[in-house]
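Shown next: structure.csv, given as CSV, C-alpha atoms.
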chain,number,residue,atom,x,y,z
A,24,MET,CA,-115.5,93.6,-1.7
A,25,SER,CA,-114.2,93.9,-5.1
A,26,ASP,CA,-110.7,94.9,-3.6
A,27,ASP,CA,-110.5,91.8,-1.6
A,28,LYS,CA,-107.8,90.0,-2.9
A,29,ASP,CA,-107.9,86.4,-3.6
A,30,PRO,CA,-105.3,84.9,-1.3
A,31,LEU,CA,-104.4,82.5,-4.1
A,32,ARG,CA,-104.0,85.2,-6.5
A,33,THR,CA,-100.4,86.5,-7.2
A,34,ASP,CA,-99.0,89.3,-9.1
A,35,SER,CA,-96.5,87.2,-10.9
A,36,GLN,CA,-97.4,85.5,-14.0
A,37,PRO,CA,-98.5,82.0,-13.6
A,38,PRO,CA,-96.0,79.4,-14.4
A,39,ASP,CA,-96.0,77.9,-17.7
A,40,LEU,CA,-97.0,74.5,-16.6
A,41,ASN,CA,-97.0,73.1,-20.0
A,42,ARG,CA,-93.4,74.1,-20.5
A,43,GLU,CA,-92.4,72.8,-17.1
A,44,ARG,CA,-94.2,69.6,-17.9
A,45,GLU,CA,-92.4,69.4,-21.1
A,46,GLU,CA,-89.1,70.1,-19.5
A,47,LEU,CA,-89.8,67.5,-16.9
A,48,LEU,CA,-90.8,65.0,-19.5
A,49,ARG,CA,-87.6,65.8,-21.4
A,50,SER,CA,-85.5,65.4,-18.3
A,51,PHE,CA,-86.8,61.9,-17.6
A,52,PRO,CA,-85.0,60.3,-20.5
A,53,ARG,CA,-81.8,62.1,-19.5
A,54,SER,CA,-82.0,60.9,-16.0
A,55,GLY,CA,-82.6,57.4,-17.2
A,56,LYS,CA,-79.7,57.6,-19.4
A,57,LEU,CA,-77.6,59.0,-16.5
A,58,ALA,CA,-78.9,56.2,-14.3
A,59,GLU,CA,-78.0,53.7,-17.1
A,60,GLU,CA,-74.5,55.3,-17.3
A,61,ILE,CA,-74.2,55.1,-13.5
A,62,VAL,CA,-75.2,51.5,-13.5
A,63,MET,CA,-72.8,50.7,-16.3
A,64,GLU,CA,-70.0,52.5,-14.5
A,65,LEU,CA,-70.9,50.6,-11.4
A,66,ASP,CA,-70.7,47.4,-13.3
A,67,GLY,CA,-67.4,48.4,-14.7
A,68,MET,CA,-66.1,49.3,-11.3
A,69,ARG,CA,-67.3,46.0,-9.9
A,70,LYS,CA,-65.5,44.2,-12.7
A,71,ARG,CA,-62.4,46.2,-12.1
A,72,ILE,CA,-62.6,45.4,-8.3
A,73,ALA,CA,-63.0,41.7,-9.2
A,74,GLU,CA,-60.0,42.0,-11.5
A,75,LEU,CA,-58.0,43.8,-8.8
A,76,GLU,CA,-59.0,41.2,-6.2
A,77,LEU,CA,-57.9,38.5,-8.6
A,78,HIS,CA,-54.7,40.3,-9.3
A,79,ASN,CA,-54.2,40.8,-5.6
A,80,ALA,CA,-54.8,37.1,-4.9
A,81,ARG,CA,-52.3,36.3,-7.6
A,82,LEU,CA,-49.8,38.7,-6.1
A,83,ARG,CA,-50.3,37.2,-2.7
A,84,ALA,CA,-49.8,33.6,-4.1
A,85,ARG,CA,-46.7,34.8,-5.8
A,86,LEU,CA,-45.4,36.4,-2.7
A,87,GLU,CA,-46.0,33.1,-0.9
A,88,GLU,CA,-44.1,31.3,-3.6
A,89,ASP,CA,-41.3,33.8,-3.3
A,90,ASP,CA,-41.2,33.0,0.4
A,91,ALA,CA,-41.0,29.3,-0.4
A,92,ILE,CA,-38.2,30.0,-2.9
A,93,HIS,CA,-36.5,32.1,-0.3
A,94,GLN,CA,-36.7,29.3,2.2
A,95,LEU,CA,-35.5,26.9,-0.4
A,96,ILE,CA,-32.5,29.1,-1.2
A,97,GLU,CA,-31.8,29.3,2.5
A,98,ARG,CA,-32.0,25.6,2.7
A,99,ILE,CA,-29.7,25.2,-0.3
A,100,GLU,CA,-27.2,27.5,1.3
A,101,THR,CA,-27.3,25.5,4.5
A,102,LEU,CA,-26.8,22.3,2.5
A,103,GLU,CA,-24.0,23.9,0.5
A,104,ALA,CA,-22.3,24.9,3.8
A,105,GLU,CA,-22.8,21.3,5.1
A,106,LYS,CA,-21.5,19.9,1.8
A,107,ARG,CA,-18.4,22.2,2.1
A,108,GLU,CA,-17.9,21.0,5.6
A,109,LEU,CA,-18.3,17.4,4.6
A,110,LEU,CA,-15.8,17.8,1.7
A,111,HIS,CA,-13.4,19.5,4.1
A,112,ARG,CA,-13.8,16.7,6.5
A,113,ASN,CA,-13.4,14.2,3.7
A,114,GLU,CA,-10.2,15.9,2.6
A,115,ARG,CA,-8.9,15.8,6.1
A,116,ALA,CA,-9.8,12.2,6.4
A,117,GLN,CA,-8.1,11.4,3.1
A,118,ALA,CA,-5.0,13.2,4.2
A,119,GLU,CA,-5.0,11.3,7.5
A,120,SER,CA,-5.7,8.1,5.6
A,121,GLU,CA,-2.7,8.8,3.4
A,122,ILE,CA,-0.5,9.5,6.4
A,123,PHE,CA,-1.8,6.4,8.0
A,124,HIS,CA,-1.0,4.4,4.9
A,125,GLU,CA,2.5,5.9,4.7
A,126,ARG,CA,3.1,5.0,8.3
A,127,PHE,CA,1.6,1.6,7.8
A,128,ALA,CA,4.0,1.0,4.9
A,129,GLN,CA,6.9,2.3,7.0
A,130,VAL,CA,6.0,0.0,9.8
A,131,GLU,CA,5.6,-2.9,7.4
A,132,GLY,CA,9.0,-2.0,5.9
A,133,GLU,CA,10.5,-1.9,9.4
A,134,PHE,CA,8.9,-5.2,10.2
A,135,SER,CA,10.3,-6.7,7.0
A,136,ASN,CA,13.8,-5.4,7.9
A,137,MET,CA,13.5,-6.7,11.4
A,138,ALA,CA,12.4,-10.1,10.1
A,139,ASN,CA,15.4,-10.1,7.7
A,140,LEU,CA,17.8,-9.4,10.6
A,141,PHE,CA,16.1,-11.9,12.9
A,142,VAL,CA,16.1,-14.7,10.3
A,143,ALA,CA,19.8,-14.0,9.3
A,144,SER,CA,20.9,-14.0,13.0
A,145,ASN,CA,18.7,-17.0,13.8
A,146,GLN,CA,20.1,-19.0,10.8
A,147,LEU,CA,23.7,-18.1,11.5
A,148,HIS,CA,23.6,-19.4,15.0
A,149,SER,CA,21.3,-22.4,14.5
A,150,SER,CA,24.1,-24.7,13.5
A,151,MET,CA,27.4,-25.8,15.0
A,152,SER,CA,28.7,-27.3,11.7
A,153,PRO,CA,31.3,-25.1,10.0
A,154,ARG,CA,30.0,-26.2,6.6
A,155,ARG,CA,26.4,-25.3,7.5
A,156,VAL,CA,27.4,-22.0,9.1
A,157,THR,CA,29.3,-21.1,5.9
A,158,ARG,CA,26.3,-22.1,3.8
A,159,ARG,CA,24.1,-19.8,5.9
A,160,ILE,CA,26.5,-16.9,5.6
A,161,LYS,CA,26.4,-17.4,1.8
A,162,GLU,CA,22.6,-17.6,2.0
A,163,VAL,CA,22.4,-14.3,3.9
A,164,LEU,CA,24.6,-12.8,1.2
A,165,ALA,CA,22.8,-14.3,-1.8
A,166,GLN,CA,19.2,-14.4,-0.6
A,167,LEU,CA,18.9,-11.3,1.7
A,168,VAL,CA,21.5,-9.0,0.3
A,169,GLY,CA,21.3,-10.1,-3.3
A,170,ALA,CA,25.0,-10.7,-3.7
A,171,GLU,CA,26.0,-12.6,-6.9
A,172,ARG,CA,29.8,-12.9,-6.6
A,173,TYR,CA,31.4,-12.8,-3.2
A,174,CYS,CA,34.2,-14.3,-1.1
A,175,MET,CA,34.8,-14.6,2.6
A,176,TYR,CA,38.4,-14.2,3.8
A,177,LEU,CA,40.0,-15.0,7.2
A,178,ALA,CA,43.2,-13.4,8.3
A,179,THR,CA,46.3,-15.5,8.9
A,180,PRO,CA,47.5,-15.6,12.5
A,181,GLY,CA,50.1,-12.9,11.9
A,182,GLY,CA,47.4,-10.7,10.2
A,183,HIS,CA,49.5,-10.2,7.1
A,184,GLU,CA,47.3,-12.0,4.6
A,185,LEU,CA,43.6,-12.6,4.0
A,186,VAL,CA,42.9,-16.2,2.9
A,187,PRO,CA,39.7,-17.0,0.9
A,188,VAL,CA,37.6,-19.6,2.8
A,189,ALA,CA,34.3,-19.6,1.0
A,190,SER,CA,33.1,-18.0,-2.2
A,191,GLU,CA,30.4,-17.9,-4.9
A,192,GLY,CA,30.6,-17.0,-8.5
A,193,VAL,CA,34.3,-16.3,-8.4
A,194,GLY,CA,36.8,-18.1,-10.6
A,195,SER,CA,39.6,-20.0,-8.9
A,196,HIS,CA,42.2,-17.7,-10.4
A,197,ASP,CA,40.7,-14.8,-8.4
A,198,LEU,CA,40.7,-16.8,-5.2
A,199,LYS,CA,44.1,-16.1,-3.8
A,200,PRO,CA,45.5,-14.9,-0.5
A,201,LEU,CA,45.6,-11.1,-0.4
A,202,PRO,CA,48.1,-8.9,1.6
A,203,THR,CA,46.3,-6.9,4.2
A,204,ASP,CA,48.3,-3.8,3.5
A,205,ASP,CA,47.0,-3.5,0.0
A,206,SER,CA,43.7,-3.6,-1.9
A,207,ARG,CA,40.3,-2.4,-0.8
A,208,ILE,CA,39.7,-5.8,1.0
A,209,GLY,CA,42.8,-5.2,3.0
A,210,GLU,CA,41.6,-1.6,3.8
A,211,ALA,CA,38.4,-2.9,5.3
A,212,TYR,CA,40.4,-5.4,7.4
A,213,ARG,CA,42.9,-2.7,8.6
A,214,THR,CA,40.3,0.0,9.3
A,215,ASP,CA,37.6,-2.2,10.7
A,216,ALA,CA,35.1,-0.3,8.6
A,217,ALA,CA,33.0,-1.3,5.6
A,218,VAL,CA,34.5,-0.1,2.3
A,219,PHE,CA,32.0,0.9,-0.4
A,220,ASP,CA,31.2,3.6,-2.9
A,221,GLU,CA,27.7,4.8,-2.2
A,222,ASN,CA,27.2,6.2,-5.6
A,223,ALA,CA,28.3,3.1,-7.5
A,224,ASP,CA,25.9,0.5,-8.9
A,225,PRO,CA,26.9,-2.6,-6.9
A,226,SER,CA,25.8,-4.9,-9.7
A,227,GLN,CA,28.6,-3.5,-11.8
A,228,GLY,CA,31.3,-4.3,-9.2
A,229,THR,CA,34.4,-6.4,-10.0
A,230,VAL,CA,37.0,-8.5,-8.2
A,231,ASP,CA,39.4,-5.5,-8.3
A,232,ASP,CA,36.7,-3.0,-7.4
A,233,PRO,CA,34.2,-4.8,-5.1
A,234,ALA,CA,30.8,-3.4,-4.5
A,235,VAL,CA,31.3,-3.6,-0.7
A,236,VAL,CA,33.9,-5.1,1.7
A,237,ILE,CA,32.8,-5.9,5.3
A,238,PRO,CA,35.3,-6.5,8.1
A,239,LEU,CA,34.6,-9.6,10.2
A,240,SER,CA,35.2,-9.3,13.9
A,241,ILE,CA,35.1,-11.5,17.0
A,242,ASP,CA,34.9,-9.7,20.3
A,243,GLU,CA,36.0,-6.4,18.7
A,244,LYS,CA,39.0,-8.0,17.0
A,245,VAL,CA,39.0,-8.0,13.2
A,246,VAL,CA,39.6,-11.6,11.9
A,247,GLY,CA,38.7,-11.3,8.3
A,248,ALA,CA,36.5,-9.7,5.7
A,249,ILE,CA,33.7,-10.5,3.3
A,250,ALA,CA,34.0,-9.0,-0.2
A,251,VAL,CA,30.8,-8.7,-2.3
A,252,PHE,CA,32.3,-8.2,-5.7
A,253,SER,CA,28.9,-7.7,-7.5
A,254,THR,CA,25.2,-8.1,-6.8
A,255,LEU,CA,22.4,-9.5,-8.9
A,256,SER,CA,21.5,-7.4,-11.9
A,257,GLN,CA,18.3,-6.3,-10.3
A,258,LYS,CA,20.1,-5.1,-7.2
A,259,THR,CA,21.4,-1.7,-8.2
A,260,CYS,CA,21.9,0.0,-4.9
A,261,PHE,CA,22.3,-0.9,-1.2
A,262,THR,CA,19.6,0.1,1.2
A,263,THR,CA,19.6,0.6,5.0
A,264,ILE,CA,18.7,-3.0,5.6
A,265,ASP,CA,21.7,-4.1,3.6
A,266,PHE,CA,24.0,-2.1,5.8
A,267,GLU,CA,22.3,-3.5,8.9
A,268,LEU,CA,22.9,-7.0,7.4
A,269,PHE,CA,26.5,-6.2,6.8
A,270,LYS,CA,26.9,-5.0,10.4
A,271,LEU,CA,25.2,-8.2,11.6
A,272,LEU,CA,27.5,-10.4,9.4
A,273,GLY,CA,30.5,-8.4,10.5
A,274,GLN,CA,29.7,-9.1,14.2
A,275,HIS,CA,28.2,-12.6,14.0
A,276,ALA,CA,29.5,-14.5,10.9
A,277,ALA,CA,33.1,-15.0,12.1
A,278,ALA,CA,32.0,-15.8,15.6
A,279,ALA,CA,29.5,-18.4,14.4
A,280,LEU,CA,32.1,-19.9,12.1
A,281,VAL,CA,34.8,-20.0,14.8
A,282,SER,CA,32.4,-21.4,17.4
A,283,ALA,CA,31.4,-24.2,15.0
A,284,SER,CA,35.0,-25.0,14.2
A,285,LEU,CA,36.0,-25.2,17.9
A,286,TYR,CA,33.0,-27.4,18.5
A,287,VAL,CA,34.0,-29.8,15.8
A,288,GLN,CA,37.6,-29.7,17.0
A,289,ALA,CA,36.4,-30.6,20.5
A,290,GLY,CA,34.8,-33.7,19.0
A,291,GLN,CA,31.3,-32.1,19.2
A,292,LYS,CA,31.4,-32.3,23.0
A,293,LEU,CA,29.7,-29.7,25.0
A,294,PRO,CA,31.8,-28.3,27.8
A,295,GLY,CA,30.9,-29.6,31.2
A,296,LEU,CA,28.9,-27.5,33.6
A,297,GLU,CA,32.0,-26.5,35.5
A,298,ALA,CA,33.0,-24.4,32.4
A,299,PHE,CA,30.0,-22.1,33.1
A,300,LEU,CA,30.1,-21.9,36.9
A,301,ASP,CA,32.2,-18.7,37.1
A,302,LEU,CA,30.5,-16.7,34.4
A,303,SER,CA,28.7,-14.2,36.7
A,304,VAL,CA,30.5,-10.9,36.6
B,7,MET,CA,-23.4,-14.0,14.8
B,8,THR,CA,-20.8,-13.2,12.1
B,9,ALA,CA,-19.8,-15.7,9.4
B,10,PRO,CA,-16.4,-17.3,9.9
B,11,MET,CA,-13.7,-15.6,7.9
B,12,ALA,CA,-12.5,-17.6,4.9
B,13,GLU,CA,-9.2,-19.4,5.5
B,14,TYR,CA,-6.7,-19.6,2.7
B,15,THR,CA,-3.9,-22.1,2.4
B,16,CYS,CA,-0.5,-21.4,0.9
B,17,LEU,CA,2.3,-23.8,-0.1
B,18,ILE,CA,5.8,-22.4,0.0
B,19,VAL,CA,8.3,-24.5,-2.1
B,20,GLU,CA,11.8,-23.3,-1.3
B,21,ASP,CA,15.0,-25.2,-0.6
B,22,SER,CA,16.7,-22.5,1.4
B,23,PRO,CA,15.6,-22.7,5.1
B,24,MET,CA,16.4,-19.1,5.5
B,25,MET,CA,14.1,-18.0,2.6
B,26,ARG,CA,11.4,-20.3,3.8
B,27,GLN,CA,11.6,-18.8,7.3
B,28,LEU,CA,11.5,-15.3,5.8
B,29,LEU,CA,8.5,-16.1,3.6
B,30,VAL,CA,6.7,-17.7,6.5
B,31,PHE,CA,7.4,-14.5,8.5
B,32,ALA,CA,6.1,-12.4,5.7
B,33,LEU,CA,3.0,-14.4,4.9
B,34,ALA,CA,2.1,-14.6,8.6
B,35,ARG,CA,1.1,-10.9,8.1
B,36,VAL,CA,-1.7,-12.1,5.8
B,37,LYS,CA,-4.8,-12.6,7.8
B,38,ASN,CA,-6.3,-16.1,7.7
B,39,LEU,CA,-3.5,-17.6,5.6
B,40,ARG,CA,-2.2,-20.9,6.6
B,41,VAL,CA,1.2,-21.8,5.3
B,42,THR,CA,2.7,-25.2,4.5
B,43,GLU,CA,6.4,-25.6,3.7
B,44,ALA,CA,8.1,-27.9,1.1
B,45,ASP,CA,11.9,-28.3,0.6
B,46,ASP,CA,11.8,-28.8,-3.2
B,47,GLY,CA,9.6,-29.5,-6.2
B,48,VAL,CA,9.1,-33.1,-5.4
B,49,ASP,CA,8.2,-32.4,-1.8
B,50,GLY,CA,5.9,-29.7,-3.1
B,51,LEU,CA,4.1,-32.1,-5.4
B,52,ARG,CA,3.7,-34.6,-2.6
B,53,LYS,CA,2.1,-31.9,-0.4
B,54,LEU,CA,-0.1,-30.8,-3.3
B,55,ALA,CA,-1.3,-34.3,-3.7
B,56,SER,CA,-2.4,-34.6,-0.1
B,57,ALA,CA,-4.1,-31.3,0.3
B,58,ARG,CA,-5.8,-28.5,-1.6
B,59,PHE,CA,-3.9,-25.1,-1.7
B,60,ASP,CA,-5.2,-21.7,-2.7
B,61,ILE,CA,-1.8,-20.3,-3.7
B,62,ILE,CA,1.7,-21.6,-4.3
B,63,VAL,CA,4.9,-19.6,-3.8
B,64,THR,CA,7.9,-21.3,-5.3
B,65,ASP,CA,11.6,-20.7,-5.9
B,66,ILE,CA,13.1,-21.7,-9.3
B,67,ASN,CA,16.5,-23.0,-8.5
B,68,MET,CA,16.0,-26.0,-6.3
B,69,PRO,CA,17.6,-29.5,-6.2
B,70,ILE,CA,15.7,-32.6,-7.4
B,71,MET,CA,12.9,-30.7,-9.1
B,72,ASP,CA,13.1,-27.0,-10.0
B,73,GLY,CA,10.3,-24.5,-9.8
B,74,LEU,CA,9.6,-24.3,-13.5
B,75,LYS,CA,9.0,-28.1,-13.7
B,76,LEU,CA,6.7,-27.7,-10.7
B,77,VAL,CA,4.7,-25.0,-12.4
B,78,LYS,CA,4.3,-27.3,-15.4
B,79,ARG,CA,3.1,-30.2,-13.3
B,80,VAL,CA,0.7,-28.0,-11.3
B,81,ARG,CA,-0.8,-26.7,-14.5
B,82,SER,CA,-1.6,-30.2,-15.6
B,83,ASP,CA,-3.0,-31.2,-12.3
B,84,PRO,CA,-6.9,-31.0,-12.4
B,85,VAL,CA,-7.1,-30.0,-8.8
B,86,HIS,CA,-4.6,-27.2,-8.9
B,87,LYS,CA,-4.5,-26.2,-12.5
B,88,ASP,CA,-6.0,-22.8,-11.7
B,89,THR,CA,-4.2,-22.2,-8.4
B,90,PRO,CA,-2.2,-19.0,-8.6
B,91,ILE,CA,1.6,-19.5,-8.6
B,92,VAL,CA,4.1,-16.9,-7.4
B,93,ILE,CA,7.7,-17.4,-8.5
B,94,ILE,CA,10.4,-16.0,-6.2
B,95,THR,CA,13.8,-16.2,-7.7
B,96,THR,CA,17.3,-14.7,-8.1
B,97,GLU,CA,16.8,-15.0,-11.9
B,98,GLY,CA,16.2,-11.4,-12.9
B,99,SER,CA,16.4,-11.5,-16.7
B,100,GLN,CA,13.4,-10.7,-18.8
B,101,GLU,CA,13.7,-14.1,-20.6
B,102,ASP,CA,13.4,-16.0,-17.3
B,103,ARG,CA,10.4,-13.9,-16.4
B,104,GLN,CA,8.7,-14.6,-19.7
B,105,ARG,CA,9.4,-18.3,-19.6
B,106,ALA,CA,7.9,-18.6,-16.1
B,107,LEU,CA,4.8,-16.6,-17.0
B,108,GLN,CA,4.4,-18.6,-20.3
B,109,LEU,CA,4.5,-21.8,-18.3
B,110,GLY,CA,1.7,-20.6,-16.2
B,111,ALA,CA,3.1,-18.6,-13.3
B,112,ASN,CA,0.9,-15.7,-12.2
B,113,ALA,CA,3.5,-13.5,-10.6
B,114,TYR,CA,7.3,-13.2,-10.7
B,115,ILE,CA,9.3,-11.6,-7.9
B,116,THR,CA,13.1,-11.3,-7.9
B,117,LYS,CA,15.3,-11.7,-4.8
B,118,PRO,CA,16.3,-10.1,-2.6
B,119,ILE,CA,12.6,-10.0,-1.6
B,120,GLN,CA,10.8,-7.2,0.1
B,121,ALA,CA,8.2,-8.7,2.4
B,122,PRO,CA,5.5,-6.0,1.6
B,123,GLN,CA,5.8,-6.9,-2.1
B,124,VAL,CA,5.3,-10.6,-1.4
B,125,ILE,CA,2.3,-9.8,0.9
B,126,ALA,CA,0.8,-7.5,-1.7
B,127,THR,CA,1.2,-10.0,-4.5
B,128,VAL,CA,-0.3,-12.9,-2.5
B,129,LYS,CA,-3.2,-10.7,-1.3
B,130,GLU,CA,-3.9,-9.6,-4.9
B,131,LEU,CA,-3.9,-13.1,-6.3
B,132,LEU,CA,-6.2,-14.3,-3.5
B,133,LYS,CA,-8.3,-11.2,-3.9
B,134,ILE,CA,-8.0,-10.3,-0.2
B,135,ASP,CA,-8.5,-6.7,0.8
Before we go any further, please render this structure as structure tokens.
Amino acid sequence: MSDDKDPLRTDSQPPDLNREREELLRSFPRSGKLAEEIVMELDGMRKRIAELELHNARLRARLEEDDAIHQLIERIETLEAEKRELLHRNERAQAESEIFHERFAQVEGEFSNMANLFVASNQLHSSMSPRRVTRRIKEVLAQLVGAERYCMYLATPGGHELVPVASEGVGSHDLKPLPTDDSRIGEAYRTDAAVFDENADPSQGTVDDPAVVIPLSIDEKVVGAIAVFSTLSQKTCFTTIDFELFKLLGQHAAAALVSASLYVQAGQKLPGLEAFLDLSV
Amino acid sequence: MTAPMAEYTCLIVEDSPMMRQLLVFALARVKNLRVTEADDGVDGLRKLASARFDIIVTDINMPIMDGLKLVKRVRSDPVHKDTPIVIITTEGSQEDRQRALQLGANAYITKPIQAPQVIATVKELLKID
């Protein structure tokens, strides 16, 4: 029985329980420290996560802000484009407005010219008194043309001389019959065309060098001439309407004057109806 | 309902029937302007005494009473002392212009007239657009 081995008995040396205990006891503080370190590290990580989340939130907010800015930029670009379009339209409208104003001024000018011609014609033919007709001719020259010194001549029956019949601002020594084959006044009579120098200042004209000479006709026959020796100082050039008025005077003045004279000679009697019966052509 | 447009009255004092007709034609282009004509200064004063005018357009050289005398009389008239006066004349010298303006004229236009100039002057003095 002595060989019976104790089942609990081993050949190896028994563990040094004391030492293990010591080691175990020694390892406890280390583990605690490690656990403390782990806990601290965990706290640090949590803080870091919180920081990162905050940073992330900020970045997200900023990104949203960037989107808003982007949208604003897009809006500004759209508005800028609209502004450019409006400016362009405004420029076009201004240009059209200027054209309109120019055309309006042209129309007003034309209207003014037409009114001048109408009034001149109306006044020339609104009287059957030779004196009044003469006064109206002078008014057309003075008021509408701006003539300061002028004379109206009628040709003698033979057509050799031009005799002054009405004048303004001219001395009596300058009012004498003129031969039709000489002088600028005679030239207008002979050629049936207005004589003038388009480059000359009409206010500087003289009796010898009139600003303009207009032939007077009745039924396409030249019967006299009007010489405008000079114009008012402010009238330094002739315009289109002046030449229209010259044409009107040339075609109407003598006719109005002769009609009035014949009417007076006829004792201011109107011809009987029989005088008008065979007028249809 | 829109308010009725203001109506303006203008007195033209001019001895030449032709010029009067031309001025009437020109001023007919001004909207709501009613024109009355007078043959000379005396006739003008008579018409000024019988009605109120917003503007006077007058010639200078006229028989009986010239335009400058008319300007003087108008400026001493309590009713029309502030009424704008436009002189339309053949007298183109600077002295004539100065004299008329010193007497109280508001504008000075020399003949031959351009209707657009007369219209613009009247509109400006009446403050019409």
Leu132 (chain B) surroundings by all atoms listed in the file, 12 Å radius, close-in-sequence under 5 positions cut, as number ranges by chain: B: 12-16, 36-39, 59-62, 88-92, 112, 125-127
Taking all atoms listed in the file into account, report as number ranges by chain which residues of chain A lie within 9 Å of chain B. A: 128, 131-132, 134-136, 138-139, 142-143, 145-146, 159, 162-163, 165-170, 255-258
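We find CA of Leu76 (chain B) and CA of Glu171 (chain A) to be spaced 24.8 Å apart.
If you look at CA of Val80 (chain B) and CA of Leu33 (chain B), they are 21.3 Å away from each other.
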I'd like the interatomic distance between CA of Ile66 (chain B) and CA of Gly47 (chain B), to a tenth of an Å. 9.1 Å
Looking at B:Ile134, B:Val85, B:Leu74, B:Val124, which one is nearest to Gly110 (chain B), with distances taken over only C-alpha atoms?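 Looking at the shortest contact to Gly110 (chain B), the residue is B:Leu74.
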Please work out which residues fall within 10 Å of (47.5, -6.6, 6.5), coordinates as given in the file, with only C-alpha atoms counting, and return them as a PDB file with C-alpha atoms, in the frame of the given file.
ATOM      1  CA  ALA A 178      43.200 -13.400   8.300  1.00  0.00           C
ATOM      2  CA  THR A 179      46.300 -15.500   8.900  1.00  0.00           C
ATOM      3  CA  GLY A 181      50.100 -12.900  11.900  1.00  0.00           C
ATOM      4  CA  GLY A 182      47.400 -10.700  10.200  1.00  0.00           C
ATOM      5  CA  HIS A 183      49.500 -10.200   7.100  1.00  0.00           C
ATOM      6  CA  GLU A 184      47.300 -12.000   4.600  1.00  0.00           C
ATOM      7  CA  LEU A 185      43.600 -12.600   4.000  1.00  0.00           C
ATOM      8  CA  LEU A 201      45.600 -11.100  -0.400  1.00  0.00           C
ATOM      9  CA  PRO A 202      48.100  -8.900   1.600  1.00  0.00           C
ATOM     10  CA  THR A 203      46.300  -6.900   4.200  1.00  0.00           C
ATOM     11  CA  ASP A 204      48.300  -3.800   3.500  1.00  0.00           C
ATOM     12  CA  ASP A 205      47.000  -3.500   0.000  1.00  0.00           C
ATOM     13  CA  SER A 206      43.700  -3.600  -1.900  1.00  0.00           C
ATOM     14  CA  ILE A 208      39.700  -5.800   1.000  1.00  0.00           C
ATOM     15  CA  GLY A 209      42.800  -5.200   3.000  1.00  0.00           C
ATOM     16  CA  GLU A 210      41.600  -1.600   3.800  1.00  0.00           C
ATOM     17  CA  ALA A 211      38.400  -2.900   5.300  1.00  0.00           C
ATOM     18  CA  TYR A 212      40.400  -5.400   7.400  1.00  0.00           C
ATOM     19  CA  ARG A 213      42.900  -2.700   8.600  1.00  0.00           C
TER      20      ARG A 213
END
Using all atoms listed in the file, which protein or nucleic acid residues come within 7 Å of Asp45 (chain B)? Drop anything in the same chain fewer than 2 positions from it, and give the result as a list of chain:residue names.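 With the cut-off at 7 Å, the set is B:Val19, B:Glu20, B:Asp21, B:Glu43, B:Asp49.
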Written selection (C-alpha atoms) as an mmCIF file, in the coordinates of the input:
data_model
loop_
_atom_site.group_PDB
_atom_site.id
_atom_site.type_symbol
_atom_site.label_atom_id
_atom_site.label_comp_id
_atom_site.auth_asym_id
_atom_site.auth_seq_id
_atom_site.Cartn_x
_atom_site.Cartn_y
_atom_site.Cartn_z
ATOM 1 C CA VAL B 19 8.300 -24.500 -2.100
ATOM 2 C CA GLU B 20 11.800 -23.300 -1.300
ATOM 3 C CA ASP B 21 15.000 -25.200 -0.600
ATOM 4 C CA GLU B 43 6.400 -25.600 3.700
ATOM 5 C CA ASP B 49 8.200 -32.400 -1.800
#
